[in-house]
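Notes follow once the structure below has been shown.
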Amino acid sequence: MEEDNHQDGEAQEVKISDSQPESIPPADILLGNHECPEPVEGNHSTADDRNQSVDSQPSHVGAEESGLDADVPPHLGAKLEPEETKDSDCLNNMSTHLDGTETEVRVTDNDQSDSGEFVVTMLAKAKLEEQGIGVKGRPSPLLEAGIQESPSFKSQRDEDVTTDSWRQHRKHVFVLSEAGKPIYSRYGSEEALSSTMGVMMALVSFVQSGDNLIRSVYSEEHTVVFLQKGPLVLVCVSSSRQSEQQLLGELLYVYYQIISMLTQASISRIFEHKKNYDLRRLLAGSEKILDGLLNLVDSDPSFLLAAVHCLPLASSLRDSLSQILQKAITPNLVFSILIAKNQLLTIVQEKTVIEDARLEPADVHLLLNLIGASSAFQAGEIWTPICLPLFNPDCYFYAYISYLDPPECTVCLLLLSTDKEAFYAVAECKRKIEEAMLTQNSLSLIAKAQLYSVNQVGVSDLRHFMYKPFDVPDNYRQLTQFTSPEMEAPYSNEEEKMRLLDLYRYMHSRIHSTSRPLKLIYHVAEKETLLAWVTSKFELYTCFSPLVTKTCAITAITKLLRWIKKEEDRLFIRYPPKYSTTPNPSKSSKSSKSEQQDSTDNGYLSPL
Amino acid sequence: MPDLSKMKKPDVKVVLLGDMNVGKTSLLHRYMERKFKDTVSTVGGAFFLKQWGPYNISIWDTAGREQFHGLGSMYCRGAAAVILTYDVTNWQSLAEIEERFLSLTDTANHDCIYALVGNKADLTDPKVHLSQDADGQTKDPTGGDEERTEPQVLSAVPTPPASPTSFSGLVLHKQVTRDDALSLYERILRYKGLDEKSSLPADKMCFETSAKTGYNVDVLFETLFDLVLPSILRKRHENRESPTVDLEDSGGVGSKRARSSCC
């Protein structure tokens with residue numbers, strides 16, 4: 001992702017100084033947050049040493065700090081407000097001092113009469129204008145092409161875009177073409193939003209005409225983030241208080257999901273050919289996949305952490321499943337993935353392919369989303385082209401998707417081949433996997449697998465955590481994973497879950513701030529205390545009960561890390577198994593067992 | 001089950017084609033699971049096996065979306081029957097059959113059977129609603145309705161469910177008449193270079209169905225399965241022949257073949 005140096009002093013520059021305090025989350029989120037010490041801490045290179053870094057912290061925090069630990073949360077907000085402002089000031093100074101060398105302009109302004117509010121008013125106006133248009137009755141080529149959905153498809157698509165409830169959605173996502181044609185809207189039909197999207201495109205073009213790139217617009221309540229990718233423009237209008245980087249990352253997922261369905265090459269080709277092409281022709285029917293993705297992005301921290309979550313499983317069971325997959329191969333098979341309850345059980349990869357490029361978590365997320373969003377009719381075996389945009393944005397893989405335990409349909413097998421014609425050969429692999437799993441009674445063992453409770457860690461004040469280890473040399477090219485216990489009370493309802501995730505998102509945005517990254521944050525929130533810590537070896541987010549003391553939290557984290565180390569084999573896929581489907585005589589002894597040699601070798605890895 | 005793979009070897013292939021949202025998946029779901037439920041847009045194609053007496057019939061439910069157009073001919077390769085589906089309330093869906101889908105069937109068997117199916121008949125024809133009881137397929141039509149309005153599993157955002165009452169009370173304008181379908185069938189035969197007289201009559205091969213009520217769904221699939229039986233028998237015959245040629249009778253028939261290929 002690109003650098004986010006706040007840039008000033010360029011032609012399109014808009015005042016930045018007034019805007020920052022408002023772009024900071026309100027006090028109820030920040031409550032009790034004391035940030036100024038951390039950057040200092042962050043600059044210490046001692047972060048790897050737990051005790052040392054932890055010990056060093058209080059000395060920076062000083063008197064305020066000790067008061068905080070003792071006080072009850074309600075006092076904290078008031079107490080810390082000045083400090084917060086101070087912090088905002090630091091931020092401002094930081095940003096004003098950062099002199100961007102890039103040509104991009106981040107339109108950051110809160111001046112009521114200026115861009116921020118302007119955009120929002122413009123967007124609202126555009127919506128009102130559409131009121132009279134009456135999309136339903138208008139004959140459009142798209143409707144004729146059969147987009148006219150049966151009433152059973154009524155959902156977010158049919159929402160009235162002129163209502164307040166539409167405007168109050170937490171996060172809107174729009175996709176449009178460079179010609180300003182609507183392609184996707186998370187809520188409401190794209191047709192009804194065509195003039196809104198026209199305004200968005202006008203903004204993009206206007207800034208572009210000055211050889212600049214619009215990146216974001218801040219208003220009091222909303223952050224508008226723009227992402228231009230080839231012929232597509234993606235816009236997010238969010239009141240979620242997430243950072244620009246995070247929203248940008250989410251837009252990137254949306255872009256990747258579109259690529260995974262159409263490939264980058266074909267999108268470019270289409271728009272080169274016809275600038276005002278209506279991409280909905282090709283994406284029609286995929287809205288639910290995009291809707292599903294956005295819901296997942298909001299509710300699943302995997303996207304935030306850019307890591308995959310695998311289901312905890314006894315390593316012996318995971319190994320035996322991997323071996324089953326390793327034995328069921330056919331030429332041109334490149335990935336065999338076993339999924340249960342939408343989480344990874346194991347993933348086996350073709351040797352030469354994985355030497356070439358690594359499988360990125362984002363690609364796995366897209367695959368998981370595709371499975372989740374397309375599993376309406378679960379008895380069948382699905383065969384579909386799919387592009388893994390980070391692996392190769394221009395080529396298709398062919399995915400075989402089948403559930404192994406109908407009618408429950410919790411265990412899903414995903415086999416990826418590079419050969420379009422390999423369905424029957426790949427389906428044969430599934431039969432073998434099915435047979436082997438039957439003899440080993442794997443399904444019932446998998447059914448017992450579940451997320452763990454944070455209680456198993458045995459630290460009383462710890463409520464939840466997310467732990468993401470980084471690549472270590474010996475498992476280089478391994479899929480980035482993270483582990484996290486189930487969200488239990490008090491985070492058992494959707495609202496509270498979302499609140500915790502929002503806190504994590506906030507911590508994440510501070511840790512990964514491009515202007516001032518932090519290594520450690522101790523954040524006292526209203527109903528809980530959070531500690532986030534990033535080292536060269538891992539990234540950790542923890543959530544404690546509100547009354548935890550700093551010393552307590554530190555001890556807890558030491559204990560937690562020890563526990564994770566002990567449980568490593570169960571929590572992660574340690575050594576991703578490989579197979580070789582190379583139709584090379586020296587190695588073919590293995591693949592010949594699969595009786596699938598009849599399948600032609602042409603096109604072997606050709607898309608790679 | 002060691003005989004699992006043997007048992008599941010398909011004898012014949014049937015393919016469902018048609019524009020998106022005409023109800024291909026729903027038709028198949030109604031036939032296979034005796035249920036009607038909200039489906040999501042199919043990705044690529046989905047493969048199903050149907051046990052029909054001693055035979056295994058493979059059914060490909062394909063995606064109608066233009067996005068997956070490129071795969072169509074692959075799904076159709078060697079098909080013994082193709083079900084061309086349209087939506088009776090959407091004239092364009094009939095036109096799409098001719099424009100987009102007919103050419104995909106070029107890879108089907110030369111003696112492939114074509115059925116033209118107008119789905120969603122319940123929307124235009126109140127009689128279709130009545131017939132469900134006589135049909136005996138939908139014992140619980142209200143249950144079906146409930147399933148139709150089932151919110152999508154994934155959406156965390158509460159979606160307003162479509163109101164089944166306003167929906168079932170609504171009679172939509174029928175845009176495709178049976179005559180339109182019959183004449184398209186004739187054109188399909190002409191496109192395929194088939195003789196109208198020796199082919200199956202249009203009257204027999206044009207169906208109007210409702211996946212929602214189950215109207216005509218079993219009739220459609222079972223008529224087709226019966227019609228592809230000769231194709232199955234022939235294929236089985238060929239299969240029985242060929243190994244004998246290769247493994248046992250290599251001296252007799254095989255040499256004869258070799259000779260003929262020489263010339």
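By order of appearance in the structure tokens: chains A, B, ..., then residues from 1 within every chain, and ligands from 1 in the order shown.
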Mind checking which residues fall within 12 Å of B:Lys174, counting only C-alpha atoms, ignoring those fewer than 3 positions away in the same chain, and posting them as a PyMOL selection string?
chain B and resi 87-91+118-126+171+177-178+180+208
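Picture a line from atom CA of B:Ser93 to atom CA of B:Val117; it runs 11.1 Å.
Distance check against B:Ile83 using only C-alpha atoms: of B:Leu17, B:Asp38, B:Leu71, B:Trp60, the minimum falls on B:Leu17.
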Which parts of stretch 167-255 of chain A does DSSP call strand (DSSP E) when run on the backbone here, written out as a count of residues only?
28
Using only C-alpha atoms, which residue out of B:Val43, B:Pro10, B:Ile232, B:Asp111 lies closest to A:Gly372?
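The answer is B:Val43, which sits nearest to A:Gly372.
Going from atom CA of A:Tyr541 over to atom CA of A:Ser315, you cover 25.0 Å.
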Residue neighbourhood stretch 183-189 of chain B, 12 Å, only C-alpha atoms, exclusion window fewer than 3 positions, as a ChimeraX atom specification:
/B:82-86,94-99,101-103,105-106,110-118,176-180,192-207
